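Here is the structure we will look at.
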Amino acid sequence: MKLAFVVQRYGLEISGGAEFHCRLIAEHMRKYHQVEVLTTKAYDYITWRNHYSKNLEVINGVPVRRFPVSRTRNPEKFGLIQNFILNNEHSLEKELEWLEEEGPHSPSLIDYIKKREDDYDYFIFFSYRYYHSYWGINSVPHKSILVPTAEYDPIIHLRLFKDLFRKPRAIMYNSLEERKMINLISRNEYVPGVVVGVGIEIPPHFSGEKFRRKYKLQGDYILYLGRIDENKGCQELFDYFLRFKRQTSSSVKLVLVGSTVLKIPSHPEIHYLGFLKDEDKFSALDEALLLVMPSFYESLSMVTLEAWALKKPVLANGRCEVLKGQCTRSNGGLFYENYDEFREALKLCLADARLRDALGNNGQKYFQENYSWQTIEGKYLEILGQLEKEK
Amino acid sequence: MIEKGKKKGLEEEISQIIIDYENIDVLKIMEQIRNKIAQSPSRVQEQEEFKEGTFQSSPPVGEREEGVPGLKRKLKRILLKITRPFSPFIKLLVLPVHEEAMMALQHIHETNKRLDSLNERLYQELKRLSDSLEKVDRNLNDRLNLAFDDLAKTRECVKLLHNLSHNIVVELSKLKIEHENLKLKTRIMEKDFEFLNKKEKILEKHLFR
């Protein structure tokens, strides 16, 4: 069987959730089927400017075909259109205009899919909201599998997506909450779907001691991993953490790891370490008391799974249904919906090592039961087998 | 020392939350945390304000006894006199019940406050929902009106097309009859020609004999 993974960006240096998710699945499915990745030459997700020069390359054993982005995104124009469609009655044409601007605008990728349709058994599209998924699925609906990676974002209510979710042969959801939301929006229960998610790759060697020496970190800390962005709830996290420090006598520090698009408050107890390699990232996680996950919009949260894989408890934003659901199902983390709850939950976690251990153990058990690679690969193979039978 | 003090304080806080470490239930822990927040000092202060407001405005006990008949009043005074030496003991016995009642009252007050805020939120959500529904309804009506206009036009067109096809059928029937008549006439004319040909040949024979 030949599978094409279609995604907006692809590369070892790309850390975006859906892109990384796609890379991991493609690399793992290589064991069972012939795999190829179809993507664009973009690296930057704001403008989608062409960055990669090669048309074909092999990354970790997976052939990657890159297609040029014919029109870069104008963020201001995009913002205006998005604002209009979210706040006004509008036509389908306007939504398609939004999609063109959303990008990555790569008609040559879609042409390739149309022309070479017979060369592939299935096209697995990642991220529902982009140009490649919409036009790709509309070009080859009978061979499409969608991995929506959808979060509760108002854009999901656009009419064009309602139809989109009804078209693929199957949908691989990231969480029960994501499935429920998409079913509710598009009434697509009849489309075969399975909650899969993604596994994670733990580096073979990482050392907390080395990490502490390298970054001169002393004392207990809680960790935030990921893009430091207002949409990820980081501004609220800073406010809450600084209030927590003012109101309690706790000596705990907040360590931030990831690229930033937000001004980080200058405070002796807030340490920003920048974007780290996997080894350092896991070392940081291994030394942390807990992972704090303040994001409002998540379809899965791979860093939460990484924390659980290392038996670390999580303190998550309960206003994100997915995070709350994951914490409740796993019993691997506490959650908060306002500052008071943040303060009390954090205080409890910091003071009670036994609770942290118990939450961490539950998280790891949940991770092993649901997100081990054996389980993930099995679910993909099962759905592919089911589709083959229906042929 | 300070560290010890802090630790002790934290331990006291933990002890307020009951955790079954062997069988962790995050929802139960969160529920306890929420209850704890509801009883936190800032809230207690609000409760005290509430107490002052409500209890002081309620009528004093003596006033409520104004309607009690004279005999009962006398009996009560006597009983009070008899029990006066034991009153500290009675108060001591009643204290736990009193505290429990006060706690319950505090809980009820907290619950009421939460209900009020939830009601407020519900009201706002309902208002927002009703606005959205109104907007959707308006848009839907506009769209429906347009769709009905289109439908009426389409109906007219269908009616006209129906008449047209009926007329075409009639015309086609007439043409068919005409066609049959012409075919008949052609056949008669062919026979006439044959007869004339025969006649011509016979006449030629007679003329050239």
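Each chain of the structure tokens is named A, B, ... in the order shown, its residues numbered from 1; ligands are numbered from 1 in display order.
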
Report as a Markdown table: every residue of chain A with an atom at most 9 Å from chain B, its closest pair of atoms, and their distance in Å to one decimal, counting only C-alpha atoms, with rows sorted by chain and ascending residue number.
| residue | atom | partner | partner_atom | distance |
| --- | --- | --- | --- | --- |
| A:Glu89 | CA | B:Asn139 | CA | 8.1 |
| A:Ser249 | CA | B:Lys6 | CA | 7.7 |
| A:Ser250 | CA | B:Lys6 | CA | 8.7 |
| A:Cys327 | CA | B:Val26 | CA | 7.4 |
| A:Thr328 | CA | B:Val26 | CA | 6.0 |
| A:Arg329 | CA | B:Val26 | CA | 8.8 |
| A:Ser330 | CA | B:Val26 | CA | 8.7 |
| A:Asn331 | CA | B:Val26 | CA | 5.3 |
| A:Gly332 | CA | B:Val26 | CA | 7.7 |
| A:Gly333 | CA | B:Val26 | CA | 7.0 |
| A:Leu334 | CA | B:Val26 | CA | 6.2 |
| A:Phe335 | CA | B:Met30 | CA | 7.6 |
| A:Tyr336 | CA | B:Met30 | CA | 8.4 |
| A:Asp340 | CA | B:Ile37 | CA | 6.7 |
| A:Glu341 | CA | B:Arg34 | CA | 6.9 |
| A:Glu344 | CA | B:Ile33 | CA | 6.5 |
| A:Ala345 | CA | B:Ile33 | CA | 7.1 |
| A:Lys347 | CA | B:Leu10 | CA | 7.9 |
| A:Leu348 | CA | B:Ile14 | CA | 6.3 |
| A:Ala351 | CA | B:Leu10 | CA | 6.1 |
| A:Asp352 | CA | B:Ile14 | CA | 7.2 |
| A:Arg354 | CA | B:Tyr21 | CA | 7.4 |
| A:Leu355 | CA | B:Tyr21 | CA | 6.6 |
| A:Ala358 | CA | B:Tyr21 | CA | 6.3 |
| A:Leu359 | CA | B:Ile24 | CA | 7.3 |
| A:Asn362 | CA | B:Ile24 | CA | 8.2 |

- Tell me which protein, DNA and RNA residues are within 8 Å of Phe275 in chain A, counting only C-alpha atoms, leaving out same-chain ones fewer than 6 positions away, and put them as a ChimeraX atom specification. /A:257-259

- Filtered DSSP result for range 132-212 of chain A, state strand (DSSP E or B), as a PyMOL selection string: chain A and resi 144-147+170-173+193-195

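CA of Gln39 in chain B lies 10.1 Å from CA of Met103 in chain B.
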
- Item | Contacts of Gly226 in chain A within 10 Å, only C-alpha atoms, excl. fewer than 6 positions in-chain, as a list in words | Ser15, Gly16, Gly17, Lys232, Cys234, Leu256, Val257, Gly258, Ser259, Thr260, Gly274, Phe275, Met293, Ser295, Ser301, Met302 and Val303 of chain A

Expected file contents, prior selection, N, CA and C atoms, as a PDB file, in the first residue's frame:
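And here's result36.pdb as it stands now:
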ATOM      1  N   SER A  15       8.666  22.606  14.582  1.00  0.00           N
ATOM      2  CA  SER A  15       8.203  22.049  15.856  1.00  0.00           C
ATOM      3  C   SER A  15       6.693  22.167  16.053  1.00  0.00           C
ATOM      4  N   GLY A  16       5.997  22.715  15.059  1.00  0.00           N
ATOM      5  CA  GLY A  16       4.535  22.881  15.186  1.00  0.00           C
ATOM      6  C   GLY A  16       3.859  21.556  15.498  1.00  0.00           C
ATOM      7  N   GLY A  17       2.822  21.580  16.283  1.00  0.00           N
ATOM      8  CA  GLY A  17       2.160  20.363  16.753  1.00  0.00           C
ATOM      9  C   GLY A  17       1.744  19.416  15.638  1.00  0.00           C
ATOM     10  N   LYS A 232      -1.694  30.632  23.635  1.00  0.00           N
ATOM     11  CA  LYS A 232      -1.381  29.432  24.420  1.00  0.00           C
ATOM     12  C   LYS A 232      -1.603  29.680  25.918  1.00  0.00           C
ATOM     13  N   CYS A 234      -0.174  31.971  27.777  1.00  0.00           N
ATOM     14  CA  CYS A 234       1.048  32.306  28.534  1.00  0.00           C
ATOM     15  C   CYS A 234       0.910  33.625  29.295  1.00  0.00           C
ATOM     16  N   LEU A 256      10.539  28.467  31.408  1.00  0.00           N
ATOM     17  CA  LEU A 256       9.842  28.476  30.123  1.00  0.00           C
ATOM     18  C   LEU A 256      10.781  27.950  29.038  1.00  0.00           C
ATOM     19  N   VAL A 257      10.260  27.020  28.253  1.00  0.00           N
ATOM     20  CA  VAL A 257      11.062  26.462  27.154  1.00  0.00           C
ATOM     21  C   VAL A 257      10.249  26.532  25.870  1.00  0.00           C
ATOM     22  N   GLY A 258      10.843  27.111  24.825  1.00  0.00           N
ATOM     23  CA  GLY A 258      10.157  27.205  23.535  1.00  0.00           C
ATOM     24  C   GLY A 258      10.400  28.548  22.886  1.00  0.00           C
ATOM     25  N   SER A 259       9.993  28.646  21.617  1.00  0.00           N
ATOM     26  CA  SER A 259      10.169  29.928  20.930  1.00  0.00           C
ATOM     27  C   SER A 259       9.117  30.908  21.456  1.00  0.00           C
ATOM     28  N   THR A 260       9.421  32.176  21.396  1.00  0.00           N
ATOM     29  CA  THR A 260       8.471  33.137  21.977  1.00  0.00           C
ATOM     30  C   THR A 260       8.017  34.210  20.993  1.00  0.00           C
ATOM     31  N   GLY A 274      14.653  29.525  26.098  1.00  0.00           N
ATOM     32  CA  GLY A 274      14.631  29.488  24.638  1.00  0.00           C
ATOM     33  C   GLY A 274      14.230  28.118  24.119  1.00  0.00           C
ATOM     34  N   PHE A 275      14.450  27.923  22.822  1.00  0.00           N
ATOM     35  CA  PHE A 275      14.089  26.651  22.187  1.00  0.00           C
ATOM     36  C   PHE A 275      15.193  25.635  22.477  1.00  0.00           C
ATOM     37  N   MET A 293       0.245  23.717  31.885  1.00  0.00           N
ATOM     38  CA  MET A 293      -0.257  23.779  30.510  1.00  0.00           C
ATOM     39  C   MET A 293      -1.408  24.795  30.459  1.00  0.00           C
ATOM     40  N   SER A 295      -2.777  26.505  28.036  1.00  0.00           N
ATOM     41  CA  SER A 295      -3.388  26.784  26.733  1.00  0.00           C
ATOM     42  C   SER A 295      -4.921  26.678  26.770  1.00  0.00           C
ATOM     43  N   SER A 301      -2.299  18.194  22.776  1.00  0.00           N
ATOM     44  CA  SER A 301      -1.202  18.600  23.661  1.00  0.00           C
ATOM     45  C   SER A 301      -0.185  17.485  23.838  1.00  0.00           C
ATOM     46  N   MET A 302       0.766  17.476  22.934  1.00  0.00           N
ATOM     47  CA  MET A 302       1.813  16.449  22.964  1.00  0.00           C
ATOM     48  C   MET A 302       2.735  16.630  24.173  1.00  0.00           C
ATOM     49  N   VAL A 303       2.930  17.876  24.605  1.00  0.00           N
ATOM     50  CA  VAL A 303       3.815  18.069  25.765  1.00  0.00           C
ATOM     51  C   VAL A 303       3.202  17.477  27.030  1.00  0.00           C
TER      52      VAL A 303
END
